[in-house]
Amino acid sequence: MPRPVNAEKRAELLEQVVCHLQHHGLAQMSLSPLAEAVGTTKRMLLYYFGSRENLLAQVLAASRPDIHVIFDDVQDPAGLGKAVHDLWEAITVGEQSGVIRMLLQLLSLAATDPEQYGSFGADSIEAMLRPIAAAYVRLGHPPQQARAAATLLASGLRGLCQDRLVTHDVARTDAAARHLAESAVAVAAIG
């Protein structure tokens, strides 16, 4: 009978893998070099995670920005504006800034290699849209309109974040994010 997986060791390895991939990227993720980089073996990664695909899925799930924490309490247009500002701060200078780099790379890989990364990319987009759309629904928008508004907002913030990472133009991208937040609030008020 196989011994049970040590959940603490598994969580520790997952954290190390997430940290490594945030700094080194997903594109060339290979188990042997990854194992060496985090101080273990390929065999141990397979023991704890089953496969490269399962490890990648768990890394991505553990790395998603927690949009629910930011948007679940939105009850009015002003609250939506604050949530957009808080999300922008989190993905550019806060706790999610490392995670967003990996998300942007994942979305690029999903577009260029949909067979391997497409479902991961789609899941990541949906995880971001769901709480934002729910906030719009609470503000009186029909579900389809709420998803469209959430799509515009999430895609706009991701694009601005990518722009900032590439150009390092903090002032311009911050100004654009403020404008996007104001537009989101205006749309929410129409509800």
# chains A, B, ... in the order shown; residues from 1 in each chain; ligands from 1

call {"tool": "residues_around", "arguments": {"residues": "Ser32 of chain A", "least_positions_apart": "3", "cutoff": "7 Å", "atoms": "only C-alpha atoms", "output": "compact mmCIF listing (two decimals) with N, CA, C and O atoms, in the first residue's frame"}}
result
# COMPACT_ATOMS: atom_id res chain seq x y z
N ALA A 35 12.91 20.68 -11.13
CA ALA A 35 13.18 19.95 -9.89
C ALA A 35 14.53 20.36 -9.32
O ALA A 35 14.65 20.62 -8.11
N GLU A 36 15.53 20.41 -10.17
CA GLU A 36 16.87 20.81 -9.71
C GLU A 36 16.85 22.23 -9.14
O GLU A 36 17.45 22.49 -8.10
N THR A 41 13.86 16.28 -6.93
CA THR A 41 14.07 15.48 -8.13
C THR A 41 12.80 15.44 -8.96
O THR A 41 11.70 15.68 -8.45
N LYS A 42 12.95 15.10 -10.21
CA LYS A 42 11.81 14.94 -11.10
C LYS A 42 10.87 13.87 -10.53
O LYS A 42 9.65 14.03 -10.54

call {"tool": "residues_around", "arguments": {"residues": "Asp72 of chain A", "least_positions_apart": "3", "cutoff": "7 Å", "atoms": "only C-alpha atoms", "output": "PyMOL selection string"}}
result
chain A and resi 68-69+131+135

call {"tool": "write_last_selection", "arguments": {"atoms": "C-alpha atoms", "output": "CSV table (one decimal), in the first residue's frame"}}
result
chain,number,residue,atom,x,y,z
A,68,HIS,CA,-13.0,37.6,-5.2
A,69,VAL,CA,-11.4,39.3,-2.2
A,131,PRO,CA,-16.2,38.0,-9.5
A,135,ALA,CA,-20.3,42.8,-9.0

call {"tool": "atom_distance", "arguments": {"atom1": "atom CA of Gly118 of chain A", "atom2": "atom CA of Leu157 of chain A"}}
result
20.6 Å

call {"tool": "closest_atom_pairs", "arguments": {"of": "segment 43-112 of chain A", "to": "segment 180-186 of chain A", "cutoff": "6 Å", "atoms": "only C-alpha atoms", "output": "CSV"}}
result
residue,atom,partner,partner_atom,distance
A:Pro77,CA,A:Val185,CA,5.2
A:Gly81,CA,A:Ala181,CA,5.6
A:Val84,CA,A:Ala181,CA,5.8

call {"tool": "write_last_selection", "arguments": {"atoms": "N, CA and C atoms", "output": "JSON list (two decimals), in the first residue's frame"}}
result
[["chain", "number", "residue", "atom", "x", "y", "z"],
["A", 77, "PRO", "N", -21.57, 51.83, -7.28],
["A", 77, "PRO", "CA", -20.56, 52.24, -8.26],
["A", 77, "PRO", "C", -19.25, 52.73, -7.62],
["A", 81, "GLY", "N", -15.41, 51.36, -8.23],
["A", 81, "GLY", "CA", -14.23, 52.17, -8.52],
["A", 81, "GLY", "C", -13.08, 51.86, -7.58],
["A", 84, "VAL", "N", -11.60, 48.43, -8.52],
["A", 84, "VAL", "CA", -10.74, 48.52, -9.71],
["A", 84, "VAL", "C", -9.38, 49.10, -9.32]]

call {"tool": "residues_around", "arguments": {"residues": "Tyr136 of chain A", "least_positions_apart": "4", "cutoff": "10 Å", "atoms": "only C-alpha atoms", "output": "PyMOL selection string"}}
result
chain A and resi 71+74-77+80+131-132+140-143+145-150+184-185+187-189+191

call {"tool": "closest_atom_pairs", "arguments": {"of": "segment 27-114 of chain A", "to": "segment 10-22 of chain A", "cutoff": "9 Å", "atoms": "only C-alpha atoms", "output": "CSV"}}
result
residue,atom,partner,partner_atom,distance
A:Met29,CA,A:Leu21,CA,8.0
A:Leu34,CA,A:Val17,CA,7.4
A:Ala35,CA,A:Val17,CA,8.3
A:Ala37,CA,A:His20,CA,7.6
A:Val38,CA,A:Gln16,CA,6.1
A:Thr40,CA,A:Leu13,CA,8.5
A:Leu45,CA,A:Leu13,CA,8.1
A:Tyr48,CA,A:Arg10,CA,5.9
A:Phe49,CA,A:Arg10,CA,8.0
A:Leu55,CA,A:Leu14,CA,8.1
A:Gln58,CA,A:Leu14,CA,7.8
A:Val59,CA,A:Val18,CA,5.7
A:Leu60,CA,A:Val18,CA,8.1
A:Ala62,CA,A:Val18,CA,7.8
A:Ser63,CA,A:Val18,CA,7.1
A:Gly98,CA,A:Gln22,CA,5.9
A:Val99,CA,A:Gln22,CA,6.4
A:Ile100,CA,A:Gln22,CA,8.7
A:Arg101,CA,A:Gln22,CA,6.9
A:Met102,CA,A:Gln22,CA,5.6

call {"tool": "write_last_selection", "arguments": {"atoms": "N, CA, C and O atoms", "output": "compact mmCIF listing (two decimals), in the first residue's frame"}}
result
# COMPACT_ATOMS: atom_id res chain seq x y z
N MET A 29 9.11 25.25 -19.24
CA MET A 29 8.97 24.45 -18.03
C MET A 29 9.18 22.97 -18.34
O MET A 29 8.41 22.34 -19.03
N LEU A 34 13.42 22.04 -13.52
CA LEU A 34 12.59 22.66 -12.49
C LEU A 34 12.86 22.00 -11.15
O LEU A 34 13.03 22.69 -10.13
N ALA A 35 12.91 20.68 -11.13
CA ALA A 35 13.18 19.95 -9.89
C ALA A 35 14.53 20.36 -9.32
O ALA A 35 14.65 20.62 -8.11
N ALA A 37 16.14 23.13 -9.80
CA ALA A 37 16.09 24.52 -9.36
C ALA A 37 15.43 24.68 -7.99
O ALA A 37 15.78 25.59 -7.23
N VAL A 38 14.46 23.81 -7.66
CA VAL A 38 13.78 23.92 -6.37
C VAL A 38 14.32 22.93 -5.34
O VAL A 38 13.76 22.80 -4.25
N THR A 40 14.85 19.46 -5.54
CA THR A 40 14.26 18.13 -5.42
C THR A 40 14.58 17.35 -6.69
O THR A 40 15.49 17.72 -7.43
N LEU A 45 8.70 15.38 -7.86
CA LEU A 45 7.64 16.22 -8.43
C LEU A 45 6.51 15.35 -8.96
O LEU A 45 5.33 15.65 -8.74
N TYR A 48 4.48 13.89 -6.03
CA TYR A 48 3.57 14.84 -5.37
C TYR A 48 2.49 15.39 -6.28
O TYR A 48 1.41 15.75 -5.81
N PHE A 49 2.76 15.47 -7.59
CA PHE A 49 1.82 16.14 -8.49
C PHE A 49 1.29 15.27 -9.62
O PHE A 49 0.38 15.68 -10.34
N LEU A 55 0.88 19.45 -12.36
CA LEU A 55 1.70 20.44 -11.64
C LEU A 55 1.43 21.83 -12.19
O LEU A 55 1.21 22.78 -11.42
N GLN A 58 -1.92 23.14 -11.05
CA GLN A 58 -1.90 23.55 -9.64
C GLN A 58 -1.10 24.83 -9.42
O GLN A 58 -1.47 25.66 -8.61
N VAL A 59 -0.02 24.99 -10.17
CA VAL A 59 0.76 26.23 -10.10
C VAL A 59 -0.12 27.41 -10.53
O VAL A 59 -0.17 28.45 -9.87
N LEU A 60 -0.85 27.23 -11.62
CA LEU A 60 -1.68 28.32 -12.13
C LEU A 60 -2.84 28.62 -11.19
O LEU A 60 -3.16 29.79 -10.96
N ALA A 62 -2.84 28.19 -7.98
CA ALA A 62 -2.26 28.83 -6.79
C ALA A 62 -1.79 30.25 -7.09
O ALA A 62 -1.62 31.05 -6.17
N SER A 63 -1.61 30.56 -8.36
CA SER A 63 -1.05 31.86 -8.74
C SER A 63 -2.07 32.88 -9.19
O SER A 63 -1.72 34.01 -9.48
N GLY A 98 3.92 39.75 -9.07
CA GLY A 98 4.67 38.62 -9.62
C GLY A 98 3.76 37.65 -10.34
O GLY A 98 4.11 37.08 -11.38
N VAL A 99 2.59 37.45 -9.80
CA VAL A 99 1.61 36.53 -10.38
C VAL A 99 1.16 37.00 -11.75
O VAL A 99 1.01 36.19 -12.67
N ILE A 100 0.96 38.29 -11.92
CA ILE A 100 0.42 38.80 -13.18
C ILE A 100 1.39 38.55 -14.33
O ILE A 100 0.97 38.29 -15.46
N ARG A 101 2.68 38.56 -14.06
CA ARG A 101 3.66 38.26 -15.12
C ARG A 101 3.44 36.85 -15.65
O ARG A 101 3.48 36.62 -16.85
N MET A 102 3.22 35.91 -14.74
CA MET A 102 3.00 34.54 -15.15
C MET A 102 1.66 34.42 -15.89
O MET A 102 1.57 33.70 -16.88

call {"tool": "select_by_dssp", "arguments": {"residues": "segment 56-172 of chain A", "states": "helix (DSSP H, G or I)", "output": "ChimeraX atom specification"}}
result
/A:56-63,67-71,77-92,97-112,114-138,143-167,170-172

call {"tool": "closest_residue", "arguments": {"among": "A:Ala78, A:Leu165, A:Ile67, A:Ala61", "to": "Phe120 of chain A", "atoms": "only C-alpha atoms"}}
result
A:Ala61

call {"tool": "closest_residue", "arguments": {"among": "A:Leu107, A:Leu160, A:Leu46, A:Leu26", "to": "Asp123 of chain A", "atoms": "only C-alpha atoms"}}
result
A:Leu107
